[in-house]
file coords.cif (mmCIF, C-alpha atoms)
data_structure
loop_
_atom_site.group_PDB
_atom_site.id
_atom_site.type_symbol
_atom_site.label_atom_id
_atom_site.label_comp_id
_atom_site.auth_asym_id
_atom_site.auth_seq_id
_atom_site.Cartn_x
_atom_site.Cartn_y
_atom_site.Cartn_z
ATOM 1 C CA MET W 1 57.054 -16.116 -32.719
ATOM 2 C CA ASP W 2 59.918 -18.442 -31.800
ATOM 3 C CA SER W 3 61.237 -21.036 -34.251
ATOM 4 C CA LEU W 4 60.027 -24.000 -32.173
ATOM 5 C CA ALA W 5 56.444 -22.726 -32.192
ATOM 6 C CA VAL W 6 56.619 -22.186 -35.954
ATOM 7 C CA ALA W 7 57.818 -25.776 -36.408
ATOM 8 C CA GLY W 8 55.119 -27.125 -34.074
ATOM 9 C CA VAL W 9 57.631 -28.343 -31.473
ATOM 10 C CA ARG W 10 56.468 -28.547 -27.869
ATOM 11 C CA VAL W 11 58.713 -29.294 -24.902
ATOM 12 C CA ALA W 12 57.931 -30.485 -21.379
ATOM 13 C CA TRP W 13 59.947 -31.676 -18.418
ATOM 14 C CA ARG W 14 59.355 -33.380 -15.099
ATOM 15 C CA ALA W 15 61.461 -34.586 -12.203
ATOM 16 C CA VAL W 16 61.976 -38.338 -11.978
ATOM 17 C CA LEU W 17 60.906 -39.019 -8.412
ATOM 18 C CA PRO W 18 62.063 -41.970 -6.298
ATOM 19 C CA GLY W 19 60.144 -45.105 -7.247
ATOM 20 C CA ALA W 20 59.459 -43.968 -10.815
ATOM 21 C CA THR W 21 61.461 -44.967 -13.837
ATOM 22 C CA ARG W 22 62.693 -42.244 -16.109
ATOM 23 C CA ARG W 23 61.139 -43.958 -19.128
ATOM 24 C CA GLU W 24 57.689 -44.003 -17.479
ATOM 25 C CA VAL W 25 57.988 -40.284 -16.758
ATOM 26 C CA ALA W 26 59.159 -39.474 -20.306
ATOM 27 C CA TYR W 27 56.486 -41.581 -21.993
ATOM 28 C CA ALA W 28 53.758 -39.963 -19.872
ATOM 29 C CA LEU W 29 55.025 -36.519 -20.929
ATOM 30 C CA ILE W 30 55.065 -37.510 -24.614
ATOM 31 C CA ARG W 31 51.497 -38.793 -24.403
ATOM 32 C CA GLU W 32 50.393 -35.583 -22.635
ATOM 33 C CA LEU W 33 52.008 -33.331 -25.254
ATOM 34 C CA ALA W 34 50.640 -35.430 -28.117
ATOM 35 C CA GLY W 35 47.168 -35.432 -26.543
ATOM 36 C CA ASP W 36 46.884 -39.208 -26.894
ATOM 37 C CA ALA W 37 46.964 -41.377 -23.770
ATOM 38 C CA ASP W 38 47.002 -44.536 -25.922
ATOM 39 C CA LEU W 39 49.961 -43.546 -28.098
ATOM 40 C CA VAL W 40 52.227 -46.565 -28.629
ATOM 41 C CA LEU W 41 55.879 -45.737 -27.890
ATOM 42 C CA THR W 42 58.828 -48.056 -28.392
ATOM 43 C CA GLN W 43 62.593 -47.950 -28.120
ATOM 44 C CA VAL W 44 64.586 -50.604 -29.937
ATOM 45 C CA CYS W 45 68.203 -50.095 -30.941
ATOM 46 C CA ASP W 46 68.691 -50.572 -34.688
ATOM 47 C CA ARG W 47 72.161 -51.983 -34.090
ATOM 48 C CA CYS W 48 71.801 -54.400 -31.153
ATOM 49 C CA GLY W 49 68.050 -54.799 -30.616
ATOM 50 C CA GLY W 50 68.310 -53.516 -27.025
ATOM 51 C CA ASP W 51 65.590 -51.452 -25.383
ATOM 52 C CA HIS W 52 67.343 -48.135 -25.874
ATOM 53 C CA GLY W 53 67.839 -45.706 -28.718
ATOM 54 C CA PRO W 54 65.417 -43.228 -30.260
ATOM 55 C CA VAL W 55 61.775 -43.157 -29.203
ATOM 56 C CA ARG W 56 59.487 -44.296 -31.976
ATOM 57 C CA VAL W 57 55.858 -43.227 -32.060
ATOM 58 C CA SER W 58 53.143 -45.341 -33.677
ATOM 59 C CA GLY W 59 52.010 -43.808 -36.944
ATOM 60 C CA ASP W 60 53.739 -40.980 -38.775
ATOM 61 C CA ALA W 61 51.882 -37.976 -37.385
ATOM 62 C CA VAL W 62 54.118 -37.303 -34.360
ATOM 63 C CA GLN W 63 57.872 -37.102 -33.830
ATOM 64 C CA ALA W 64 59.260 -37.389 -30.297
ATOM 65 C CA SER W 65 62.642 -37.175 -28.620
ATOM 66 C CA VAL W 66 63.740 -37.730 -25.021
ATOM 67 C CA ALA W 67 66.647 -36.542 -22.907
ATOM 68 C CA TYR W 68 67.484 -37.336 -19.328
ATOM 69 C CA ALA W 69 69.606 -35.067 -17.181
ATOM 70 C CA ARG W 70 71.074 -36.413 -13.966
ATOM 71 C CA ALA W 71 73.026 -34.346 -11.468
ATOM 72 C CA ARG W 72 75.919 -36.568 -10.513
ATOM 73 C CA VAL W 73 76.421 -34.930 -7.121
ATOM 74 C CA SER W 74 72.811 -34.622 -5.866
ATOM 75 C CA GLY W 75 71.349 -37.516 -7.867
ATOM 76 C CA ASP W 76 68.436 -35.355 -9.082
ATOM 77 C CA GLU W 77 67.101 -36.547 -12.412
ATOM 78 C CA VAL W 78 64.813 -34.856 -14.922
ATOM 79 C CA ALA W 79 63.103 -36.216 -18.037
ATOM 80 C CA VAL W 80 62.826 -33.669 -20.862
ATOM 81 C CA VAL W 81 60.818 -34.440 -23.997
ATOM 82 C CA ALA W 82 60.055 -32.769 -27.304
ATOM 83 C CA VAL W 83 57.061 -33.606 -29.485
ATOM 84 C CA ALA W 84 56.289 -32.209 -32.935
ATOM 85 C CA THR W 85 53.809 -32.713 -35.718
ATOM 86 C CA GLY W 86 55.327 -30.411 -38.341
ATOM 87 C CA VAL W 87 58.847 -31.801 -38.686
ATOM 88 C CA ALA W 88 60.506 -34.801 -40.315
ATOM 89 C CA ALA W 89 63.180 -35.228 -37.628
ATOM 90 C CA LEU W 90 63.499 -34.167 -34.000
ATOM 91 C CA GLY W 91 66.172 -34.353 -31.301
ATOM 92 C CA ILE W 92 66.495 -32.922 -27.799
ATOM 93 C CA ASP W 93 69.305 -32.932 -25.275
ATOM 94 C CA ALA W 94 69.525 -31.609 -21.718
ATOM 95 C CA GLU W 95 72.218 -31.302 -19.077
ATOM 96 C CA PHE W 96 72.348 -29.665 -15.677
ATOM 97 C CA GLU W 97 74.089 -26.274 -15.878
ATOM 98 C CA VAL W 98 76.492 -27.189 -13.098
ATOM 99 C CA ASP W 99 78.050 -30.633 -12.941
ATOM 100 C CA PRO W 100 81.612 -30.723 -11.582
ATOM 101 C CA VAL W 101 82.129 -34.374 -12.567
ATOM 102 C CA ARG W 102 81.076 -33.805 -16.173
ATOM 103 C CA ASP W 103 82.964 -30.542 -16.448
ATOM 104 C CA ALA W 104 86.152 -32.164 -15.153
ATOM 105 C CA ALA W 105 85.865 -34.781 -17.921
ATOM 106 C CA GLY W 106 86.362 -32.056 -20.519
ATOM 107 C CA ILE W 107 83.605 -31.067 -22.925
ATOM 108 C CA ALA W 108 86.060 -29.313 -25.237
ATOM 109 C CA ALA W 109 88.119 -32.469 -25.746
ATOM 110 C CA ALA W 110 84.992 -34.513 -26.521
ATOM 111 C CA LEU W 111 83.999 -31.945 -29.147
ATOM 112 C CA GLY W 112 87.538 -31.676 -30.541
ATOM 113 C CA ARG W 113 87.843 -27.983 -29.709
ATOM 114 C CA GLU W 114 90.143 -25.801 -27.675
ATOM 115 C CA SER W 115 87.175 -24.519 -25.686
ATOM 116 C CA ALA W 116 83.513 -25.480 -25.469
ATOM 117 C CA SER W 117 80.597 -25.050 -23.119
ATOM 118 C CA ILE W 118 77.723 -27.232 -22.042
ATOM 119 C CA HIS W 119 75.599 -25.233 -24.507
ATOM 120 C CA ASP W 120 77.862 -26.463 -27.324
ATOM 121 C CA TRP W 121 77.498 -30.041 -26.104
ATOM 122 C CA VAL W 122 73.683 -30.121 -25.939
ATOM 123 C CA ARG W 123 73.405 -28.566 -29.407
ATOM 124 C CA VAL W 124 75.626 -31.282 -30.880
ATOM 125 C CA GLU W 125 73.767 -34.048 -29.039
ATOM 126 C CA ALA W 126 70.364 -32.705 -30.129
ATOM 127 C CA ALA W 127 71.538 -32.628 -33.768
ATOM 128 C CA LEU W 128 72.896 -36.180 -33.511
ATOM 129 C CA LYS W 129 69.572 -37.395 -32.124
ATOM 130 C CA ALA W 130 67.623 -35.590 -34.853
ATOM 131 C CA SER W 131 69.849 -37.157 -37.505
ATOM 132 C CA GLY W 132 69.228 -40.645 -36.142
ATOM 133 C CA ALA W 133 72.979 -41.209 -35.808
ATOM 134 C CA GLY W 134 73.110 -40.814 -32.033
ATOM 135 C CA VAL W 135 76.373 -42.030 -30.521
ATOM 136 C CA HIS W 136 77.524 -43.628 -33.770
ATOM 137 C CA ILE W 137 79.061 -40.413 -35.115
ATOM 138 C CA ASP W 138 81.951 -38.641 -33.451
ATOM 139 C CA PRO W 139 80.510 -35.462 -31.859
ATOM 140 C CA SER W 140 83.557 -33.500 -32.995
ATOM 141 C CA GLN W 141 82.385 -33.987 -36.602
ATOM 142 C CA VAL W 142 79.084 -32.115 -36.097
ATOM 143 C CA LEU W 143 79.191 -28.522 -37.337
ATOM 144 C CA VAL W 144 76.995 -26.081 -35.384
ATOM 145 C CA GLN W 145 76.764 -22.502 -36.638
ATOM 146 C CA GLY W 146 74.827 -19.413 -35.713
ATOM 147 C CA PRO W 147 74.086 -17.246 -32.750
ATOM 148 C CA PRO W 148 73.008 -18.587 -29.360
ATOM 149 C CA GLY W 149 69.318 -19.338 -29.294
ATOM 150 C CA SER W 150 68.886 -20.079 -33.000
ATOM 151 C CA TRP W 151 71.470 -22.129 -34.895
ATOM 152 C CA THR W 152 71.932 -24.731 -37.613
ATOM 153 C CA ALA W 153 73.785 -28.022 -37.527
ATOM 154 C CA THR W 154 75.259 -30.327 -40.135
ATOM 155 C CA VAL W 155 75.819 -33.988 -39.276
ATOM 156 C CA PRO W 156 78.156 -36.076 -41.468
ATOM 157 C CA GLY W 157 76.363 -38.758 -43.460
ATOM 158 C CA THR W 158 72.993 -37.003 -43.431
ATOM 159 C CA ALA W 159 71.528 -34.955 -46.231
ATOM 160 C CA ALA W 160 69.447 -32.742 -43.943
ATOM 161 C CA SER W 161 70.582 -29.545 -42.320
ATOM 162 C CA PHE W 162 69.043 -29.165 -38.897
ATOM 163 C CA ARG W 163 67.640 -26.010 -37.363
ATOM 164 C CA GLY W 164 68.165 -25.598 -33.668
ATOM 165 C CA ALA W 165 66.912 -23.649 -30.702
ATOM 166 C CA ASP W 166 68.096 -23.254 -27.140
ATOM 167 C CA LEU W 167 65.518 -23.351 -24.349
ATOM 168 C CA THR W 168 66.024 -21.047 -21.427
ATOM 169 C CA ARG W 169 62.830 -21.582 -19.467
ATOM 170 C CA ILE W 170 63.813 -24.788 -17.640
ATOM 171 C CA PRO W 171 65.486 -23.978 -14.302
ATOM 172 C CA ASN W 172 69.034 -25.322 -13.787
ATOM 173 C CA LEU W 173 69.100 -27.104 -17.164
ATOM 174 C CA VAL W 174 70.727 -26.322 -20.494
ATOM 175 C CA VAL W 175 68.453 -27.654 -23.244
ATOM 176 C CA ALA W 176 68.690 -27.647 -27.031
ATOM 177 C CA VAL W 177 66.277 -28.887 -29.693
ATOM 178 C CA ALA W 178 67.201 -29.742 -33.292
ATOM 179 C CA TYR W 179 64.722 -30.422 -36.063
ATOM 180 C CA ALA W 180 64.368 -30.761 -39.830
#

call {"tool": "encode", "arguments": {"input": "coords.cif", "output": "structure tokens"}}
result
Amino acid sequence: MDSLAVAGVRVAWRAVLPGATRREVAYALIRELAGDADLVLTQVCDRCGGDHGPVRVSGDAVQASVAYARARVSGDEVAVVAVATGVAALGIDAEFEVDPVRDAAGIAAALGRESASIHDWVRVEAALKASGAGVHIDPSQVLVQGPPGSWTATVPGTAASFRGADLTRIPNLVVAVAYA
């Protein structure tokens, strides 16, 4: 059995169609996975009070995380969510496999490495989301170790070590989930 199933993590994705907002799509997916159409979901930044940041779920029974992938050339956008009941922390990140604009910006430089792939990037981002630090920690400071598919991550300033998994079943996307 894969590590996500053991941890009770479920993942779903859906295209964000014209006329829909990505948040509406993501929240609908979270409610579907959680099996609760009335689940109260909020996003309020701890630092500025804006309507962004980690998704918070009413009650303590469910953890949720959201990622949005947008193809800069075609404009296609996908909402990808993870929901879990058996973990204390959860983070997901997703990017399109091919994105010439992003790739030209230099993933390796952002991660402080000589070379890096989009797989490296989504693992780091998933770990940062799971830690609750998000964009407030330099991604180059996150240590990811282990083979592709199943890895661990350490985020500075957090006591937890995060387990991670790569998802390969979503067409055209590179997706990673981190949890503790």

call {"tool": "resolve_selection", "arguments": {"input": "coords.cif", "expression": "the PyMOL selection byres ((chain W and resi 88-90) around 9)", "output": "short mmCIF file (atom, residue, chain, number, x, y, z; two decimals) with C-alpha atoms, in the frame of the given file"}}
result
data_model
loop_
_atom_site.label_atom_id
_atom_site.label_comp_id
_atom_site.auth_asym_id
_atom_site.auth_seq_id
_atom_site.Cartn_x
_atom_site.Cartn_y
_atom_site.Cartn_z
CA VAL W 9 57.63 -28.34 -31.47
CA GLN W 63 57.87 -37.10 -33.83
CA ALA W 64 59.26 -37.39 -30.30
CA SER W 65 62.64 -37.17 -28.62
CA ALA W 82 60.06 -32.77 -27.30
CA VAL W 83 57.06 -33.61 -29.48
CA ALA W 84 56.29 -32.21 -32.94
CA THR W 85 53.81 -32.71 -35.72
CA GLY W 86 55.33 -30.41 -38.34
CA VAL W 87 58.85 -31.80 -38.69
CA GLY W 91 66.17 -34.35 -31.30
CA ILE W 92 66.50 -32.92 -27.80
CA ALA W 126 70.36 -32.70 -30.13
CA ALA W 127 71.54 -32.63 -33.77
CA LYS W 129 69.57 -37.40 -32.12
CA ALA W 130 67.62 -35.59 -34.85
CA SER W 131 69.85 -37.16 -37.51
CA GLY W 132 69.23 -40.65 -36.14
CA PHE W 162 69.04 -29.16 -38.90
CA VAL W 177 66.28 -28.89 -29.69
CA ALA W 178 67.20 -29.74 -33.29
CA TYR W 179 64.72 -30.42 -36.06
CA ALA W 180 64.37 -30.76 -39.83
#

call {"tool": "residues_around", "arguments": {"input": "coords.cif", "residues": "Ser74 (chain W)", "least_positions_apart": "2", "cutoff": "12 Å", "atoms": "all atoms listed in the file", "output": "count of residues only"}}
result
11

call {"tool": "residues_around", "arguments": {"input": "coords.cif", "residues": "Ile170 (chain W)", "least_positions_apart": "4", "cutoff": "12 Å", "atoms": "only C-alpha atoms", "output": "list of chain:residue names"}}
result
W:Val11, W:Ala12, W:Trp13, W:Arg14, W:Ala15, W:Ala69, W:Val78, W:Ala79, W:Val80, W:Val81, W:Ala94, W:Glu95, W:Phe96, W:Glu97, W:Asp166, W:Val174, W:Val175, W:Ala176

call {"tool": "resolve_selection", "arguments": {"input": "coords.cif", "expression": "the PyMOL selection byres ((chain W and resi 39-47) around 12)", "output": "MDAnalysis selection string"}}
result
chainID W and resid 23:24 26:38 48:66 132:136

call {"tool": "closest_residue", "arguments": {"input": "coords.cif", "among": "W:Val144, W:Ala20, W:Val124, W:Ile118", "to": "Gly106 (chain W)", "atoms": "all atoms listed in the file"}}
result
W:Ile118

call {"tool": "atom_distance", "arguments": {"input": "coords.cif", "atom1": "CA of Val6 (chain W)", "atom2": "CA of Ser150 (chain W)"}}
result
12.8 Å

call {"tool": "atom_distance", "arguments": {"input": "coords.cif", "atom1": "CA of Leu173 (chain W)", "atom2": "CA of Thr21 (chain W)"}}
result
19.7 Å

call {"tool": "atom_distance", "arguments": {"input": "coords.cif", "atom1": "CA of Asp138 (chain W)", "atom2": "CA of Thr158 (chain W)"}}
result
13.5 Å

call {"tool": "closest_residue", "arguments": {"input": "coords.cif", "among": "W:Pro171, W:Arg163, W:Ala153, W:Asp103", "to": "Ser115 (chain W)", "atoms": "all atoms listed in the file"}}
result
W:Asp103

call {"tool": "axis_aligned_box", "arguments": {"input": "coords.cif", "around": "region 118-135 of chain W", "padding_each_side": "8 Å", "output": "JSON"}}
result
{"center_x": 72.7, "center_y": -33.6, "center_z": -29.8, "size_x": 26.2, "size_y": 32.8, "size_z": 31.5}
